[in-house]
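A short worksheet on the structure shown next.
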Amino acid sequence: MNDEIAAPATDRIAIPPETLKMTARDVDVFYGAKQAIEKVSIDIGMDHVTAFIGPSGCGKSTFLRTLNRMNDTIPIARVTGQIELDGENIYDASMDVVQLRARVGMVFQKPNPFPKSIFENVAYGPRIHGLSTSKAELEEIVEKSLVRAGLWDEVKDRLTESGTALSGGQQQRLCIARAIAVDPEVILMDEPCSALDPIATAKIEELIHELRGRYAIVIVTHNMQQAARVSQRTAFFHLGTLVEYGETSDLFTNPQKERTKDYITGRYG
Ligand SMILES: Nc1ncnc2c1ncn2[C@@H]1O[C@H](COP(=O)(O)OP(=O)(O)OP(=O)(O)O)[C@@H](O)[C@H]1O
């Protein structure tokens, strides 16, 4: 990390340098003239799940998308400030964005498998990134990714069937397998359970537990119970700012800011 970058004012947790994965400093995001994110600074560590919570429209998804330059796909979006992955500025002109999005994968609110076979959904990324040299190796990556995403047993006999024929929860685990297949370092999840029933949601939450430590995971959720269940760090956003960031248990039981307290006690949101 660049020592000259100031530590985030709202950070109640010191992340040991050896587990630090991403840092954001003074990040602003504008949609045209409208500012959606203001001066957000945060550290994301490797060995825990980080939840972004806050009322609708507070900018959680907008900020999440800055972490793998997904906002680049929105023509009116403009990002300023500095975001680093392993000390490297991801907004630098020399950054290969396709490579970045493999290193910082994303899972969306609505499962979005390709209209291709289950196998192809997972094989596509490793193939375009040249991660396998043979068919056998590719098959091994596909199997390993599906095992890791907790889907292998359910699909191993139907790999040639369309990914879109799976249930919503299975589709979401397929999308997680697809992200895992290119060997990411960070997985961003934007309300990954909001389109799922409670059983499928529980499976994704269990999966998040299992993946913790292997990948830095950041999850946007408007469900505080979910944040409490799956994360060890929570960042509370309000009106485009990061109000408070701390250990999840601390933030929910002993919030430092009045606005956090009001939100978690249901006074607004
Ligand atoms: N593509 C876009 N173009 C213009 N404005 C946008 C765009 N996406 C988001 N915004 C605006 O930016 C602000 C933050 O939105 P964002 O979706 O990041 O919030 P959020 O906290 O994730 O909300 P939610 O929980 O409802 O998804 C809102 O005012 C929203 O209207």
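Chain identifiers are assigned as A, B, and so on, following the order in which chains appear in the structure tokens; residues are numbered from 1 within each chain, and ligands are numbered from 1 in order of appearance.
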
Report as a tab-separated table: every residue of range 132-207 of chain A with an atom at most 12 Å from range 87-111 of chain A, its closest pair of atoms, and their distance in Å to one decimal, counting only C-alpha atoms, with rows sorted by chain and ascending residue number.
residue	atom	partner	partner_atom	distance
A:Gly163	CA	A:Pro111	CA	10.3
A:Thr164	CA	A:Pro111	CA	9.2
A:Ala165	CA	A:Pro111	CA	11.9
A:Leu166	CA	A:Pro111	CA	10.4
A:Ser167	CA	A:Pro111	CA	9.8
A:Gly168	CA	A:Pro111	CA	6.8
A:Gly169	CA	A:Pro111	CA	8.1
A:Gln170	CA	A:Pro111	CA	8.9
A:Gln171	CA	A:Pro111	CA	5.7
A:Gln172	CA	A:Pro111	CA	4.9
A:Arg173	CA	A:Pro111	CA	8.5
A:Leu174	CA	A:Pro111	CA	8.4
A:Cys175	CA	A:Val107	CA	6.5
A:Ile176	CA	A:Val107	CA	6.4
A:Ala177	CA	A:Val107	CA	9.9
A:Arg178	CA	A:Gly105	CA	9.0
A:Ala179	CA	A:Gly105	CA	5.4
A:Ile180	CA	A:Gly105	CA	7.8
A:Ala181	CA	A:Ala102	CA	9.1
A:Val182	CA	A:Ala102	CA	5.9
A:Asp183	CA	A:Arg103	CA	7.0
A:Pro184	CA	A:Arg103	CA	4.1
A:Glu185	CA	A:Arg103	CA	5.2
A:Val186	CA	A:Val104	CA	4.6
A:Ile187	CA	A:Gly105	CA	4.8
A:Leu188	CA	A:Met106	CA	4.6
A:Met189	CA	A:Val107	CA	4.7
A:Asp190	CA	A:Phe108	CA	5.1
A:Glu191	CA	A:Gln109	CA	4.9
A:Pro192	CA	A:Gln109	CA	4.6
A:Cys193	CA	A:Gln109	CA	6.8
A:Ser194	CA	A:Gln109	CA	6.3
A:Ala195	CA	A:Lys110	CA	6.1
A:Leu196	CA	A:Lys110	CA	8.8
A:Thr201	CA	A:Gln109	CA	12.0
A:Ile204	CA	A:Val107	CA	11.5

When DSSP is applied to the backbone of this structure, which of range 9-171 of chain A are assigned alpha helix (DSSP H)? Write them out as a PDB file with C-alpha atoms, in the first residue's frame.
ATOM      1  CA  LYS A  60     -23.643   0.553  -1.686  1.00  0.00           C
ATOM      2  CA  SER A  61     -23.822  -0.951  -5.170  1.00  0.00           C
ATOM      3  CA  THR A  62     -22.206   2.088  -6.765  1.00  0.00           C
ATOM      4  CA  PHE A  63     -19.240   1.839  -4.408  1.00  0.00           C
ATOM      5  CA  LEU A  64     -19.018  -1.949  -4.812  1.00  0.00           C
ATOM      6  CA  ARG A  65     -18.783  -1.487  -8.573  1.00  0.00           C
ATOM      7  CA  THR A  66     -15.807   0.846  -8.194  1.00  0.00           C
ATOM      8  CA  VAL A  97      -9.666  -4.257 -17.053  1.00  0.00           C
ATOM      9  CA  VAL A  98     -10.519  -7.762 -18.294  1.00  0.00           C
ATOM     10  CA  GLN A  99      -7.758  -9.153 -16.106  1.00  0.00           C
ATOM     11  CA  LEU A 100      -8.886  -6.974 -13.195  1.00  0.00           C
ATOM     12  CA  ARG A 101     -12.434  -8.324 -13.410  1.00  0.00           C
ATOM     13  CA  ALA A 102     -11.052 -11.863 -13.279  1.00  0.00           C
ATOM     14  CA  ARG A 103      -9.027 -10.973 -10.171  1.00  0.00           C
ATOM     15  CA  ILE A 118     -23.562 -25.622 -17.331  1.00  0.00           C
ATOM     16  CA  PHE A 119     -20.074 -26.775 -18.362  1.00  0.00           C
ATOM     17  CA  GLU A 120     -19.587 -23.861 -20.770  1.00  0.00           C
ATOM     18  CA  ASN A 121     -20.727 -21.317 -18.189  1.00  0.00           C
ATOM     19  CA  VAL A 122     -17.789 -22.304 -16.003  1.00  0.00           C
ATOM     20  CA  ALA A 123     -15.300 -23.173 -18.776  1.00  0.00           C
ATOM     21  CA  TYR A 124     -15.681 -19.902 -20.683  1.00  0.00           C
ATOM     22  CA  GLY A 125     -13.565 -17.727 -18.352  1.00  0.00           C
ATOM     23  CA  PRO A 126     -10.632 -20.136 -17.920  1.00  0.00           C
ATOM     24  CA  ARG A 127     -10.607 -20.652 -21.686  1.00  0.00           C
ATOM     25  CA  ILE A 128     -10.457 -16.949 -22.594  1.00  0.00           C
ATOM     26  CA  LYS A 135      -9.337 -30.491 -22.277  1.00  0.00           C
ATOM     27  CA  ALA A 136      -8.603 -32.593 -19.195  1.00  0.00           C
ATOM     28  CA  GLU A 137      -7.223 -29.578 -17.361  1.00  0.00           C
ATOM     29  CA  LEU A 138     -10.259 -27.495 -18.296  1.00  0.00           C
ATOM     30  CA  GLU A 139     -12.556 -30.259 -17.063  1.00  0.00           C
ATOM     31  CA  GLU A 140     -10.627 -30.328 -13.823  1.00  0.00           C
ATOM     32  CA  ILE A 141     -11.058 -26.548 -13.357  1.00  0.00           C
ATOM     33  CA  VAL A 142     -14.793 -26.825 -14.090  1.00  0.00           C
ATOM     34  CA  GLU A 143     -15.232 -29.658 -11.600  1.00  0.00           C
ATOM     35  CA  LYS A 144     -13.166 -27.942  -8.899  1.00  0.00           C
ATOM     36  CA  SER A 145     -15.102 -24.679  -9.319  1.00  0.00           C
ATOM     37  CA  LEU A 146     -18.468 -26.422  -9.177  1.00  0.00           C
ATOM     38  CA  VAL A 147     -17.378 -28.403  -6.097  1.00  0.00           C
ATOM     39  CA  ARG A 148     -16.234 -25.194  -4.424  1.00  0.00           C
ATOM     40  CA  TRP A 152     -21.139 -30.309  -8.311  1.00  0.00           C
ATOM     41  CA  ASP A 153     -23.297 -33.088  -6.846  1.00  0.00           C
ATOM     42  CA  GLU A 154     -26.438 -31.487  -8.227  1.00  0.00           C
ATOM     43  CA  VAL A 155     -25.128 -30.991 -11.772  1.00  0.00           C
ATOM     44  CA  GLY A 168     -32.605 -19.645  -9.179  1.00  0.00           C
ATOM     45  CA  GLY A 169     -30.415 -20.745  -6.274  1.00  0.00           C
ATOM     46  CA  GLN A 170     -28.517 -23.196  -8.454  1.00  0.00           C
ATOM     47  CA  GLN A 171     -28.057 -20.500 -11.099  1.00  0.00           C
TER      48      GLN A 171
END

Proximity of chain A to ligand 1: per-residue shortest pair, 7 Å limit, only C-alpha atoms and all ligand atoms, as CSV:
residue,atom,partner,partner_atom_place_in_ligand_line,distance
A:Tyr31,CA,ligand 1,4 (C),5.0
A:Ala36,CA,ligand 1,12 (O),4.7
A:Gly54,CA,ligand 1,21 (O),6.2
A:Pro55,CA,ligand 1,21 (O),6.0
A:Ser56,CA,ligand 1,26 (O),3.6
A:Gly57,CA,ligand 1,19 (O),3.5
A:Cys58,CA,ligand 1,21 (O),3.8
A:Gly59,CA,ligand 1,18 (O),3.3
A:Lys60,CA,ligand 1,21 (O),4.0
A:Ser61,CA,ligand 1,22 (O),3.7
A:Thr62,CA,ligand 1,18 (O),3.6
A:Phe63,CA,ligand 1,18 (O),6.5
A:Ile74,CA,ligand 1,1 (N),6.0
A:Ile76,CA,ligand 1,3 (N),6.9
A:His222,CA,ligand 1,25 (O),6.0
A:Gly240,CA,ligand 1,14 (C),6.9

Can you write out the residues you just picked, keeping C-alpha atoms, as an mmCIF file, in the first residue's frame?
data_model
loop_
_atom_site.group_PDB
_atom_site.id
_atom_site.type_symbol
_atom_site.label_atom_id
_atom_site.label_comp_id
_atom_site.auth_asym_id
_atom_site.auth_seq_id
_atom_site.Cartn_x
_atom_site.Cartn_y
_atom_site.Cartn_z
ATOM 1 C CA TYR A 31 -23.499 10.029 -12.403
ATOM 2 C CA ALA A 36 -23.563 9.273 -5.543
ATOM 3 C CA GLY A 54 -27.407 0.960 4.340
ATOM 4 C CA PRO A 55 -30.767 2.232 3.144
ATOM 5 C CA SER A 56 -31.851 2.025 -0.475
ATOM 6 C CA GLY A 57 -30.043 4.490 -2.710
ATOM 7 C CA CYS A 58 -27.188 5.150 -0.244
ATOM 8 C CA GLY A 59 -24.610 4.074 -2.825
ATOM 9 C CA LYS A 60 -23.643 0.553 -1.686
ATOM 10 C CA SER A 61 -23.822 -0.951 -5.170
ATOM 11 C CA THR A 62 -22.206 2.088 -6.765
ATOM 12 C CA PHE A 63 -19.240 1.839 -4.408
ATOM 13 C CA ILE A 74 -22.006 3.134 -17.287
ATOM 14 C CA ILE A 76 -22.271 8.806 -17.310
ATOM 15 C CA HIS A 222 -30.014 -4.574 2.619
ATOM 16 C CA GLY A 240 -23.282 8.350 -0.352
#

>> Using only C-alpha atoms for the distances, tell me which of A:Leu239, A:His209, A:Gly130, A:Asp72 is nearest to Lys39 in chain A.
In response: A:Leu239

>> Please compute the CA of Leu85 in chain A-CA of Thr23 in chain A distance, one decimal, in Å.
In response: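 Spanning CA of Leu85 in chain A to CA of Thr23 in chain A is a straight-line distance of 6.8 Å.
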
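Considering the residues A:Thr265, A:Ser132, A:Thr260, A:Gln232 and counting only C-alpha atoms, Val218 in chain A has its shortest atom-to-atom contact with A:Gln232.
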
>> Could you list, as a ChimeraX atom specification, every residue within 10 Å of range 245-258 of chain A, counting only C-alpha atoms and ignoring same-chain residues fewer than 3 positions away?
In response: /A:8-14,41-43,49-52,224-225,227-237,242,261-265

Same residues, N, CA and C atoms, output as an mmCIF file, in the first residue's frame:
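out.cif was written with the following content:
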data_model
loop_
_atom_site.group_PDB
_atom_site.id
_atom_site.type_symbol
_atom_site.label_atom_id
_atom_site.label_comp_id
_atom_site.auth_asym_id
_atom_site.auth_seq_id
_atom_site.Cartn_x
_atom_site.Cartn_y
_atom_site.Cartn_z
ATOM 1 N N PRO A 8 -8.303 5.601 6.563
ATOM 2 C CA PRO A 8 -9.682 6.059 6.541
ATOM 3 C C PRO A 8 -10.163 6.506 7.910
ATOM 4 N N ALA A 9 -10.816 7.634 7.940
ATOM 5 C CA ALA A 9 -11.239 8.229 9.202
ATOM 6 C C ALA A 9 -12.245 7.365 9.952
ATOM 7 N N THR A 10 -13.041 6.612 9.196
ATOM 8 C CA THR A 10 -14.137 5.895 9.831
ATOM 9 C C THR A 10 -13.756 4.482 10.256
ATOM 10 N N ASP A 11 -12.530 4.091 10.017
ATOM 11 C CA ASP A 11 -12.129 2.711 10.241
ATOM 12 C C ASP A 11 -11.891 2.434 11.719
ATOM 13 N N ARG A 12 -12.692 1.542 12.296
ATOM 14 C CA ARG A 12 -12.488 1.176 13.697
ATOM 15 C C ARG A 12 -11.637 -0.077 13.806
ATOM 16 N N ILE A 13 -11.221 -0.612 12.646
ATOM 17 C CA ILE A 13 -10.470 -1.853 12.694
ATOM 18 C C ILE A 13 -9.169 -1.694 11.940
ATOM 19 N N ALA A 14 -8.127 -2.192 12.548
ATOM 20 C CA ALA A 14 -6.842 -2.177 11.858
ATOM 21 C C ALA A 14 -6.715 -3.519 11.160
ATOM 22 N N SER A 41 -13.370 6.068 2.062
ATOM 23 C CA SER A 41 -12.079 5.413 2.273
ATOM 24 C C SER A 41 -12.329 4.153 3.090
ATOM 25 N N ILE A 42 -11.761 3.051 2.648
ATOM 26 C CA ILE A 42 -11.991 1.787 3.362
ATOM 27 C C ILE A 42 -10.880 0.810 3.012
ATOM 28 N N ASP A 43 -10.579 -0.075 3.948
ATOM 29 C CA ASP A 43 -9.636 -1.165 3.696
ATOM 30 C C ASP A 43 -10.421 -2.472 3.662
ATOM 31 N N VAL A 49 -15.229 -11.729 5.640
ATOM 32 C CA VAL A 49 -16.270 -11.265 4.723
ATOM 33 C C VAL A 49 -16.654 -9.851 5.160
ATOM 34 N N THR A 50 -16.727 -8.941 4.203
ATOM 35 C CA THR A 50 -17.099 -7.556 4.491
ATOM 36 C C THR A 50 -18.495 -7.308 3.945
ATOM 37 N N ALA A 51 -19.376 -6.801 4.785
ATOM 38 C CA ALA A 51 -20.732 -6.482 4.317
ATOM 39 C C ALA A 51 -20.870 -4.973 4.169
ATOM 40 N N PHE A 52 -21.528 -4.541 3.086
ATOM 41 C CA PHE A 52 -21.909 -3.135 2.910
ATOM 42 C C PHE A 52 -23.409 -3.072 3.161
ATOM 43 N N MET A 224 -30.016 -6.745 7.300
ATOM 44 C CA MET A 224 -29.049 -6.643 8.396
ATOM 45 C C MET A 224 -28.790 -7.997 9.054
ATOM 46 N N GLN A 225 -29.845 -8.845 9.100
ATOM 47 C CA GLN A 225 -29.644 -10.166 9.690
ATOM 48 C C GLN A 225 -28.630 -10.952 8.847
ATOM 49 N N ALA A 227 -26.230 -9.653 6.994
ATOM 50 C CA ALA A 227 -24.893 -9.084 7.251
ATOM 51 C C ALA A 227 -24.344 -9.671 8.550
ATOM 52 N N ALA A 228 -25.204 -9.768 9.580
ATOM 53 C CA ALA A 228 -24.755 -10.287 10.874
ATOM 54 C C ALA A 228 -24.374 -11.761 10.758
ATOM 55 N N ARG A 229 -25.113 -12.501 9.914
ATOM 56 C CA ARG A 229 -24.827 -13.935 9.773
ATOM 57 C C ARG A 229 -23.543 -14.208 8.994
ATOM 58 N N VAL A 230 -23.341 -13.464 7.891
ATOM 59 C CA VAL A 230 -22.247 -13.883 6.992
ATOM 60 C C VAL A 230 -20.950 -13.091 7.127
ATOM 61 N N SER A 231 -20.995 -11.912 7.752
ATOM 62 C CA SER A 231 -19.790 -11.073 7.684
ATOM 63 C C SER A 231 -19.091 -10.922 9.027
ATOM 64 N N GLN A 232 -17.831 -10.571 8.945
ATOM 65 C CA GLN A 232 -17.056 -10.255 10.150
ATOM 66 C C GLN A 232 -16.758 -8.754 10.228
ATOM 67 N N ARG A 233 -16.887 -8.065 9.088
ATOM 68 C CA ARG A 233 -16.716 -6.612 9.046
ATOM 69 C C ARG A 233 -17.953 -6.027 8.387
ATOM 70 N N THR A 234 -18.414 -4.899 8.887
ATOM 71 C CA THR A 234 -19.561 -4.254 8.252
ATOM 72 C C THR A 234 -19.271 -2.772 8.045
ATOM 73 N N ALA A 235 -19.648 -2.310 6.849
ATOM 74 C CA ALA A 235 -19.534 -0.884 6.525
ATOM 75 C C ALA A 235 -20.946 -0.354 6.345
ATOM 76 N N PHE A 236 -21.274 0.693 7.095
ATOM 77 C CA PHE A 236 -22.604 1.288 6.980
ATOM 78 C C PHE A 236 -22.525 2.548 6.136
ATOM 79 N N PHE A 237 -23.274 2.559 5.046
ATOM 80 C CA PHE A 237 -23.320 3.701 4.137
ATOM 81 C C PHE A 237 -24.626 4.466 4.327
ATOM 82 N N LEU A 242 -19.540 6.814 3.758
ATOM 83 C CA LEU A 242 -19.313 5.689 4.662
ATOM 84 C C LEU A 242 -19.370 6.256 6.071
ATOM 85 N N LYS A 261 -26.762 3.863 14.667
ATOM 86 C CA LYS A 261 -27.680 3.379 15.701
ATOM 87 C C LYS A 261 -29.126 3.483 15.209
ATOM 88 N N ASP A 262 -29.453 4.644 14.632
ATOM 89 C CA ASP A 262 -30.824 4.846 14.150
ATOM 90 C C ASP A 262 -31.175 3.825 13.067
ATOM 91 N N TYR A 263 -30.208 3.531 12.209
ATOM 92 C CA TYR A 263 -30.488 2.583 11.128
ATOM 93 C C TYR A 263 -30.667 1.163 11.669
ATOM 94 N N ILE A 264 -29.753 0.734 12.514
ATOM 95 C CA ILE A 264 -29.849 -0.664 12.953
ATOM 96 C C ILE A 264 -31.005 -0.894 13.934
ATOM 97 N N THR A 265 -31.495 0.180 14.521
ATOM 98 C CA THR A 265 -32.667 0.001 15.370
ATOM 99 C C THR A 265 -33.967 0.247 14.598
#

> Nearest to Ile44 in chain A: which of A:Asn112, A:Ala216, A:Thr133, A:Asp28 is it, counting only C-alpha atoms?
Replying inline: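 Of A:Asn112, A:Ala216, A:Thr133, A:Asp28, the one nearest Ile44 in chain A is A:Ala216, counting only C-alpha atoms.
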
Contacts of Asp26 in chain A at 8 Å (only C-alpha atoms; same-chain gap of 4+ positions) as a CSV table (one decimal) with C-alpha atoms, in the first residue's frame:
chain,number,residue,atom,x,y,z
A,38,GLU,CA,-18.5,11.1,-1.4
A,39,LYS,CA,-15.0,10.7,0.0
A,40,VAL,CA,-15.2,7.0,0.8
A,41,SER,CA,-12.1,5.4,2.3
A,80,THR,CA,-12.2,9.8,-8.7
A,81,GLY,CA,-9.9,9.0,-5.8
A,82,GLN,CA,-7.7,6.0,-5.5

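Interatomic distance, CA of Gly45 in chain A to CA of Asp86 in chain A: 10.5 Å.
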
>> If DSSP is run on the backbone, what residues of range 9-247 of chain A are strand (DSSP E)? A reply as number ranges by chain would be ideal.
In response: A: 20-31, 34-45, 49-53, 77-85, 88-89, 104-107, 186-190, 216-220, 233-238, 241-247

>> Just the number, please: distance in Å from CA of His48 in chain A to CA of Ile217 in chain A, one decimal.
In response: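 For CA of His48 in chain A relative to CA of Ile217 in chain A, the distance reads 7.0 Å.
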
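Comparing A:Val79, A:Arg259, A:Thr73, A:Ile15 by their smallest distance to Lys34 in chain A, the closest is A:Val79 (using only C-alpha atoms).
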